[in-house]
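Asker: Pasting in a structure now, in C-alpha cells, and then I'll have a few things to ask.
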Amino acid sequence: ISGLYPPASTFKAITYTVIEEENLPFPDEIEGIDPTNRKVHCDGELRLPDLEDGSPQIKKDWYYPRAIGWLDIHGALARSCNIFFWSAGLGTWQKYQDTLRENIIQDWARSVGYGSATGIDLSNEAEGVVPTRELFEEWPRLDQGRLDLGSPWLGGDLMDFAIGQGAFTSTPLQVAVSFAVLANGGKLMQPRVVRSVLDNDGQGARAIPSKLVSEVEISEETRRSLLDDLGRVVSSGTARGAFIDFGPGLERIGGKTGTGQTSANRDDHAWFVGVAPIDDPQYVVAVLIEEGGSGGRIAAPVARHILQYLMGNEPTPIVAGDDAD
C-alpha cells in the first residue's frame, strides 16, 4: 500500500479498455502501423519521424531483435507488444494534443483507481502519480532541459504512460483494484482488510462491507473481450511457460505480465496480475517482486502457485517461467 512502482505492462489492460471504449486513433503515415484496421507490425522497432536536427527516433521493444509479426489488439495484449500500445498513445497525442481529450487515458486510469488512495483500512497508503501536461508544467522534479521547452510534456511521455512506464507510479493494491474494476464491469470498490468484527464472546458479528466508490461505464463486449485476452496471456502468451503445469481449469485463468523499468543500476520489477475464474471473476491476485526482473519469468510463477490454491488445484513448485515482459 505504500511502495510506488511503475505498473508497467499490467497497465496495458487499462489502455486496451480505453482503445476499445473510446475508439482511440492510431497514427497515420508511420511504417508498420495500419491505423484503419488498428494493426501494428511488432518487429521490435518503432521508427518515428526524425528530429529537426536529423537525429533518428527509434524505440526498441522488449523482444528486440526478434519479431512477432502483425498483431491486432488481442494478439498485442497476449504477446505484450509495446509497439501496439505506444501507437495508441502516439495517435491520441497527434489527434487530441492541447484538447480536453489529450488526457483521455489518464482520465480512465483515475476512474479505475490510479492516482489516489484506495481508502483501505490501513495507514500510510500512498497515492501514486498519474502524469499529465498539467503536472509536468508545475513539477519541480524535471531536469532543466525539459523546463526550457514550451511545455515539458511531450508525445513520448504519453506513449510511455500507455505502457505503464515513464513518471507513472502506483501501489500494488491500486493495480489489483484496477483489474477488479475491469473484471466486474466498472465498479470501483473500497478494499477492506477487516471483513467483520465479533463481540468478546465471539458472537454478534458486525459486517464491515466494501463501499462502492464510483462506477465507470465499460461495455459488456469490452469486458468479455479483455477477460478472454487475459486468458490468452496464460494459455499462449507471455505467461504460458509459468502456467503450463497449472492443472485442470487453466482455461478459466487470465492475467497480465509486466516488467517495470527502473534506474540503470537497478534490476526491473517483476509483475503479474491474475484474474480467476474469467467466466465469473471472483479473485484478483497481484504479485510484485521488487527488482525481480522479468514478469513472465519471476512473478507469473508465484501468481500461478496462488491461483492453483484458490481454484482448488494442488499448488506445484515455483519454477521460472518464460523470459517475457
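Residue numbering restarts at 1 in every chain; chains get A, B, ... in the order shown in the C-alpha cells, and ligands count up from 1 in that same order.
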With only C-alpha atoms as the counted atoms, please give the residues lying no more than 9 Å from Lys211 of chain A, apart from itself and same-chain residues fewer than 2 positions off, as a list in words.

Answerer: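 Using only C-alpha atoms, the neighbours found are Leu188, Met189, Gln190, Pro191, Arg192, Pro209 and Val213 of chain A.
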
Asker: Could you write out that same residue set with C-alpha atoms as a PDB file, in the first residue's frame?

Answerer:
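What landed in again.pdb:
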```pdb
ATOM      1  CA  LEU A 188     -14.622   0.771  -8.105  1.00  0.00           C
ATOM      2  CA  MET A 189     -14.844  -0.728  -4.628  1.00  0.00           C
ATOM      3  CA  GLN A 190     -13.050   0.358  -1.465  1.00  0.00           C
ATOM      4  CA  PRO A 191     -10.898  -2.613  -0.413  1.00  0.00           C
ATOM      5  CA  ARG A 192     -11.059  -3.805   3.178  1.00  0.00           C
ATOM      6  CA  PRO A 209     -18.635  -4.112   3.865  1.00  0.00           C
ATOM      7  CA  VAL A 213     -16.655   4.426  -4.502  1.00  0.00           C
TER       8      VAL A 213
END
```

Asker: As a PyMOL selection string, list the residues of segment 108-278 of chain A assigned to strand (DSSP E or B) by DSSP on the backbone atoms of this structure.

Answerer: chain A and resi 129+169-170+187-189+196-197+206-207+212-215+254-260+269-276

Asker: Can I get the selected residues back with N, CA and C atoms, as a compact mmCIF listing (two decimals), in the first residue's frame?

Answerer:
```
# COMPACT_ATOMS: atom_id res chain seq x y z
N VAL A 129 1.37 8.54 -8.80
CA VAL A 129 1.41 9.66 -9.74
C VAL A 129 0.85 9.24 -11.08
N THR A 169 3.49 6.11 -11.42
CA THR A 169 3.75 5.21 -10.29
C THR A 169 2.43 4.81 -9.63
N SER A 170 2.43 3.61 -9.06
CA SER A 170 1.24 3.09 -8.40
C SER A 170 1.66 2.11 -7.33
N LYS A 187 -17.22 -1.29 -11.45
CA LYS A 187 -17.45 -0.85 -10.07
C LYS A 187 -16.12 -0.71 -9.34
N LEU A 188 -15.82 0.51 -8.91
CA LEU A 188 -14.62 0.77 -8.11
C LEU A 188 -15.00 0.63 -6.64
N MET A 189 -14.51 -0.42 -6.01
CA MET A 189 -14.84 -0.73 -4.63
C MET A 189 -13.70 -0.32 -3.70
N SER A 196 -15.29 -8.51 9.25
CA SER A 196 -16.34 -8.38 10.27
C SER A 196 -15.67 -8.26 11.64
N VAL A 197 -16.44 -7.78 12.61
CA VAL A 197 -15.97 -7.62 13.99
C VAL A 197 -16.89 -8.42 14.90
N ARG A 206 -20.40 -8.15 13.32
CA ARG A 206 -20.81 -6.92 12.62
C ARG A 206 -20.02 -6.82 11.33
N ALA A 207 -20.69 -6.90 10.20
CA ALA A 207 -20.02 -6.90 8.90
C ALA A 207 -19.43 -5.52 8.61
N LEU A 212 -18.96 1.06 -2.38
CA LEU A 212 -18.87 1.41 -3.79
C LEU A 212 -18.41 2.86 -3.88
N VAL A 213 -17.22 3.08 -4.42
CA VAL A 213 -16.66 4.43 -4.50
C VAL A 213 -17.22 5.17 -5.71
N SER A 214 -17.22 4.50 -6.86
CA SER A 214 -17.71 5.12 -8.08
C SER A 214 -17.90 4.03 -9.12
N GLU A 215 -18.47 4.40 -10.25
CA GLU A 215 -18.65 3.46 -11.35
C GLU A 215 -18.20 4.10 -12.65
N GLY A 254 -6.91 -16.02 -16.22
CA GLY A 254 -6.38 -14.94 -17.06
C GLY A 254 -5.39 -14.11 -16.27
N GLY A 255 -4.65 -13.28 -16.97
CA GLY A 255 -3.70 -12.42 -16.26
C GLY A 255 -2.88 -11.59 -17.21
N LYS A 256 -2.00 -10.79 -16.64
CA LYS A 256 -1.11 -9.95 -17.44
C LYS A 256 0.23 -9.83 -16.76
N THR A 257 1.28 -10.07 -17.54
CA THR A 257 2.64 -9.89 -17.06
C THR A 257 3.06 -8.43 -17.18
N GLY A 258 4.10 -8.07 -16.47
CA GLY A 258 4.68 -6.74 -16.57
C GLY A 258 6.10 -6.74 -16.07
N THR A 259 6.93 -5.90 -16.68
CA THR A 259 8.33 -5.77 -16.25
C THR A 259 8.62 -4.28 -16.13
N GLY A 260 8.68 -3.78 -14.89
CA GLY A 260 8.79 -2.35 -14.64
C GLY A 260 10.23 -1.87 -14.68
N HIS A 269 11.42 -4.46 -12.01
CA HIS A 269 10.43 -5.04 -11.10
C HIS A 269 9.57 -6.03 -11.87
N ALA A 270 9.35 -7.20 -11.30
CA ALA A 270 8.56 -8.24 -11.96
C ALA A 270 7.12 -8.19 -11.47
N TRP A 271 6.17 -8.14 -12.43
CA TRP A 271 4.74 -8.04 -12.12
C TRP A 271 3.97 -9.20 -12.75
N PHE A 272 2.92 -9.61 -12.07
CA PHE A 272 1.87 -10.40 -12.70
C PHE A 272 0.58 -10.13 -11.95
N VAL A 273 -0.49 -9.92 -12.72
CA VAL A 273 -1.82 -9.78 -12.13
C VAL A 273 -2.71 -10.86 -12.72
N GLY A 274 -3.29 -11.69 -11.85
CA GLY A 274 -4.15 -12.78 -12.30
C GLY A 274 -5.61 -12.51 -11.98
N VAL A 275 -6.50 -13.01 -12.83
CA VAL A 275 -7.95 -12.91 -12.63
C VAL A 275 -8.53 -14.30 -12.78
N ALA A 276 -9.39 -14.71 -11.84
CA ALA A 276 -9.98 -16.05 -11.93
C ALA A 276 -11.30 -16.10 -11.16
```

Asker: Go through A:Gln261, A:Val193, A:Glu137, A:Ser235 one by one, measure the shortest atom-to-atom distance of each to Leu149 of chain A using only C-alpha atoms, and give the residue with the smallest value.

Answerer: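 When distances to Leu149 of chain A are compared using only C-alpha atoms, the smallest one comes from A:Glu137.
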
Asker: Please identify the helix (DSSP H, G or I) residues within segment 169-319 of chain A (assignment by DSSP from backbone atoms) and present them as a VMD selection string.

Answerer: chain A and resid 172 to 184 220 to 236 240 to 243 250 to 252 295 to 310

Asker: Write to file, as a PDB file, in the first residue's frame, the residues of the selection just made, with C-alpha atoms.

Answerer:
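Printed below is out_1.pdb as written:
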```
ATOM      1  CA  PRO A 172       0.402  -2.998  -5.932  1.00  0.00           C
ATOM      2  CA  LEU A 173      -3.018  -2.564  -4.301  1.00  0.00           C
ATOM      3  CA  GLN A 174      -4.020   0.074  -6.868  1.00  0.00           C
ATOM      4  CA  VAL A 175      -3.052  -2.329  -9.641  1.00  0.00           C
ATOM      5  CA  ALA A 176      -5.174  -5.066  -8.064  1.00  0.00           C
ATOM      6  CA  VAL A 177      -8.119  -2.688  -7.625  1.00  0.00           C
ATOM      7  CA  SER A 178      -7.905  -1.550 -11.263  1.00  0.00           C
ATOM      8  CA  PHE A 179      -8.149  -5.135 -12.503  1.00  0.00           C
ATOM      9  CA  ALA A 180     -11.117  -5.734 -10.223  1.00  0.00           C
ATOM     10  CA  VAL A 181     -12.899  -2.751 -11.802  1.00  0.00           C
ATOM     11  CA  LEU A 182     -12.260  -4.078 -15.310  1.00  0.00           C
ATOM     12  CA  ALA A 183     -13.289  -7.613 -14.364  1.00  0.00           C
ATOM     13  CA  ASN A 184     -16.518  -6.684 -12.538  1.00  0.00           C
ATOM     14  CA  GLU A 220     -20.025  -5.989 -21.644  1.00  0.00           C
ATOM     15  CA  GLU A 221     -18.428  -6.584 -25.049  1.00  0.00           C
ATOM     16  CA  THR A 222     -15.192  -4.895 -23.961  1.00  0.00           C
ATOM     17  CA  ARG A 223     -15.190  -6.602 -20.558  1.00  0.00           C
ATOM     18  CA  ARG A 224     -15.688 -10.019 -22.122  1.00  0.00           C
ATOM     19  CA  SER A 225     -13.077  -9.394 -24.817  1.00  0.00           C
ATOM     20  CA  LEU A 226     -10.499  -8.267 -22.238  1.00  0.00           C
ATOM     21  CA  LEU A 227     -11.088 -11.280 -19.997  1.00  0.00           C
ATOM     22  CA  ASP A 228     -10.762 -13.626 -22.977  1.00  0.00           C
ATOM     23  CA  ASP A 229      -7.485 -11.981 -23.975  1.00  0.00           C
ATOM     24  CA  LEU A 230      -6.156 -12.126 -20.419  1.00  0.00           C
ATOM     25  CA  GLY A 231      -6.825 -15.847 -20.799  1.00  0.00           C
ATOM     26  CA  ARG A 232      -4.679 -15.866 -23.932  1.00  0.00           C
ATOM     27  CA  VAL A 233      -1.799 -14.375 -21.920  1.00  0.00           C
ATOM     28  CA  VAL A 234      -1.594 -17.555 -19.816  1.00  0.00           C
ATOM     29  CA  SER A 235      -2.556 -20.068 -22.496  1.00  0.00           C
ATOM     30  CA  SER A 236      -0.385 -18.862 -25.385  1.00  0.00           C
ATOM     31  CA  ARG A 240       2.420 -19.547 -20.961  1.00  0.00           C
ATOM     32  CA  GLY A 241       5.610 -21.055 -19.541  1.00  0.00           C
ATOM     33  CA  ALA A 242       4.643 -20.181 -15.971  1.00  0.00           C
ATOM     34  CA  PHE A 243       1.172 -21.757 -16.247  1.00  0.00           C
ATOM     35  CA  LEU A 250      -6.397 -23.417 -16.973  1.00  0.00           C
ATOM     36  CA  GLU A 251      -8.957 -22.165 -19.491  1.00  0.00           C
ATOM     37  CA  ARG A 252     -10.615 -20.258 -16.620  1.00  0.00           C
ATOM     38  CA  GLY A 295       7.386 -10.548 -15.097  1.00  0.00           C
ATOM     39  CA  GLY A 296       6.835 -13.674 -17.142  1.00  0.00           C
ATOM     40  CA  ARG A 297       9.823 -15.435 -15.653  1.00  0.00           C
ATOM     41  CA  ILE A 298       9.629 -14.404 -11.993  1.00  0.00           C
ATOM     42  CA  ALA A 299       6.247 -13.004 -10.938  1.00  0.00           C
ATOM     43  CA  ALA A 300       3.931 -15.160 -13.059  1.00  0.00           C
ATOM     44  CA  PRO A 301       5.030 -18.481 -11.463  1.00  0.00           C
ATOM     45  CA  VAL A 302       4.327 -17.076  -7.994  1.00  0.00           C
ATOM     46  CA  ALA A 303       0.849 -15.955  -9.043  1.00  0.00           C
ATOM     47  CA  ARG A 304       0.259 -19.346 -10.655  1.00  0.00           C
ATOM     48  CA  HIS A 305       1.048 -21.061  -7.349  1.00  0.00           C
ATOM     49  CA  ILE A 306      -1.503 -18.867  -5.531  1.00  0.00           C
ATOM     50  CA  LEU A 307      -4.151 -19.261  -8.227  1.00  0.00           C
ATOM     51  CA  GLN A 308      -3.772 -23.043  -8.155  1.00  0.00           C
ATOM     52  CA  TYR A 309      -4.708 -22.977  -4.476  1.00  0.00           C
ATOM     53  CA  LEU A 310      -7.622 -20.595  -4.996  1.00  0.00           C
TER      54      LEU A 310
END
```

Asker: What's around segment 99-102 of chain A at 10 Å? Count only C-alpha atoms, leave out sequence neighbours fewer than 5 positions away in its own chain, and write the answer as a compact mmCIF listing (two decimals) with N, CA, C and O atoms, in the first residue's frame.

Answerer:
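The result, stored in part.txt:
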```
# COMPACT_ATOMS: atom_id res chain seq x y z
N GLY A 89 -0.94 5.50 -27.81
CA GLY A 89 -0.58 6.74 -27.14
C GLY A 89 -0.19 7.82 -28.12
O GLY A 89 -0.58 8.99 -27.98
N THR A 92 -3.25 9.15 -29.98
CA THR A 92 -4.01 10.04 -29.09
C THR A 92 -3.35 11.40 -29.00
O THR A 92 -4.02 12.44 -29.06
N TRP A 93 -2.02 11.42 -28.91
CA TRP A 93 -1.28 12.68 -28.86
C TRP A 93 -1.46 13.47 -30.15
O TRP A 93 -1.75 14.67 -30.14
N GLN A 94 -1.31 12.81 -31.27
CA GLN A 94 -1.39 13.51 -32.56
C GLN A 94 -2.77 14.11 -32.79
O GLN A 94 -2.90 15.22 -33.31
N ASP A 107 -7.51 9.97 -17.66
CA ASP A 107 -8.83 10.06 -17.02
C ASP A 107 -9.36 8.66 -16.71
O ASP A 107 -9.94 8.43 -15.63
N THR A 132 0.55 14.03 -16.30
CA THR A 132 -0.19 14.79 -17.30
C THR A 132 0.61 16.04 -17.66
O THR A 132 1.60 16.38 -17.00
N ARG A 133 0.14 16.74 -18.70
CA ARG A 133 0.75 18.02 -19.05
C ARG A 133 0.71 18.97 -17.86
O ARG A 133 1.70 19.65 -17.54
N LEU A 158 3.32 10.52 -23.18
CA LEU A 158 2.03 9.85 -23.27
C LEU A 158 2.20 8.42 -23.79
O LEU A 158 1.51 7.50 -23.34
```

Asker: Looking at A:Glu125, A:Asp160, A:Glu134, A:Glu21, which one is nearest to Gly3 of chain A, with distances taken over only C-alpha atoms?

Answerer: A:Glu125

Asker: Between A:Met311, A:Leu154, A:Arg38, A:Pro317, which has the minimum distance to Ile278 of chain A (counting only C-alpha atoms)?

Answerer: A:Met311

Asker: When you draw a straight line from atom CA of Val40 of chain A to atom CA of Ile83 of chain A, how long is it in Å?

Answerer: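 We find that atom CA of Val40 of chain A and atom CA of Ile83 of chain A lie 7.1 Å from each other.
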
Asker: With only C-alpha atoms as the basis for distance, which of A:Pro27, A:Gly293, A:Pro35, A:Gly44 is at the shortest distance from Ile73 of chain A?

Answerer: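 Nearest candidate to Ile73 of chain A out of A:Pro27, A:Gly293, A:Pro35, A:Gly44: A:Pro35.
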